[in-house]
2 protein chains.
Amino acid sequence: MDEFLPLAKRLADEAGEIARQYFRTPFEVISKDDDSPVTIADREIEARMREILEDERPQDGIHGEEHGIKKSESGLTWVLDPIDGTKSFVIGRATFGTLIALCEDNAPKLGVIDQPILGERWIGDGQKTTYSNFHLGGEFIDRPVKTAKCSSIDLARIGSTTPAMFEDVGPVYKNFNENRFFWGGDCYQYGLMALGFVDIILEASMAPYDYCALVPVIEGAGGHISDFKGQPLTIDSDGTVVACGDPSLWPAIAEKL
Amino acid sequence: MDEFLPLAKRLADEAGEIARQYFRTPFEVISKDDDSPVTIADREIEARMREILEDERPQDGIHGEEHGIKKSESGLTWVLDPIDGTKSFVIGRATFGTLIALCEDNAPKLGVIDQPILGERWIGDGQKTTYSNFHLGGEFIDRPVKTAKCSSIDLARIGSTTPAMFEDVGPVYKNFNENRFFWGGDCYQYGLMALGFVDIILEASMAPYDYCALVPVIEGAGGHISDFKGQPLTIDSDGTVVACGDPSLWPAIAEKL
């Protein structure tokens, strides 16, 4: 997948430039969701990424949050979430991200998590994951990163975005120690897992553009990521996502799901 | 309270220097919570702030999270939370903050919310609130800020830190539209409210060092902040906290609490 790295980085660069124009834009009244800065940014970013892909990779498929699905003629499909974590974007919190995945026969092979305000970027190919930090400190460019060891669920730092995600599957997060939980994780928490600061993530009601990019990042950093049954995530998965930095924790987590 | 501004800023500056040393520190095994980087940072920051206060304001009281209560002989008390949002600190997410309040007869008169990684700082005195942005962009120093207008609870962006806060008071947040909710807010969400990006915040089980600094910041930016019954927050309040950027929303919120 290394040949696609420059293109993936270019997509993230151009997405970030648009996101930064709309982040923390003051606005008076939003009459409908279509008018909101995040909706405009979302659409504009995806349109720009699709334009680049049509140009550079016309045979590849595209599966985007905003502008739908274009069938693949090459076996490769780009899965795009221009702004994952729209609620965080809306409140001016820099934990949202642009997610870019490249899938081969529906399986994610390359993933990018990009946080354009803090200038943090994770790129994984399932074998290795690198971290770059362009603004916040700015000293790391493509540094290989690893998830942390964690000997027990009781010591784990456990994250999720919102309890509302679990409406369909039931509140399985309650089987874990609530004292170890943090919320509002967004895609950013998977980046923090790849850096070794988060041990378990539980999410549900996720769409392919929400999770495909996360897979090569977490696996490349040495972690486990799957659906709640332990099946590998593909474009056709059921929307449940469980990740752990230390794969040896997985059997104990599976028992609680 | 303007005479105390330089001292409050100095406390925040020195706190931030220590916090930055420990943030995202790699560590292998934490055998007990006492050993964790956040606990060490918490204690070190508060000790440093107390040392400065003992030097500069020996007659003032101090109410700190880590090192307890020193009685006031001047009628003034400094209320300190070295790291509010320890879970966010632990996972490497820059939404934690140092909270500094100056209370007169138990009522908060000056408040500082400082996010030392992003270099964002809010200072309020109940009449006005200013925002500084030292790293992230870096173009704002002591800029006056205002909360946003919001015509209806149904359009509000509503925040809280964790559902676990509501164990004692009951899940009142369920009386609000879950689709408008974001979680993991920490003290940072009050800063975002002062900038006009958050409309309602609901929290409970808060200690005085968790909420005192927020009061002059939210009121200075034009918002309402009180306990769930609408009473002004003092050092002796019951730990429930409700804030809204547009005070005209308060009667409708009160009905739901």
# chains A, B, ... in the order shown; residues from 1 in each chain; ligands from 1
call {"tool": "closest_atom_pairs", "arguments": {"of": "chain A", "to": "chain B", "cutoff": "6 Å", "atoms": "only C-alpha atoms", "output": "tab-separated table"}}
result
residue	atom	partner	partner_atom	distance
A:Ile91	CA	B:Phe197	CA	4.7
A:Trp183	CA	B:Gly184	CA	4.7
A:Gly184	CA	B:Gly184	CA	4.5
A:Phe197	CA	B:Ile91	CA	4.7
A:Val198	CA	B:Ile91	CA	5.7
call {"tool": "select_by_dssp", "arguments": {"residues": "range 21-135 of chain A", "states": "strand (DSSP E)", "output": "PyMOL selection string"}}
result
chain A and resi 61-64+68-70+76-84+97-104+107-115+120-124+129-133
call {"tool": "atom_distance", "arguments": {"atom1": "CA of Lys128 in chain B", "atom2": "CA of Pro58 in chain B"}}
result
27.7 Å
call {"tool": "select_by_dssp", "arguments": {"residues": "range 119-218 of chain A", "states": "alpha helix (DSSP H)", "output": "PyMOL selection string"}}
result
chain A and resi 188-194+208-211+214-218
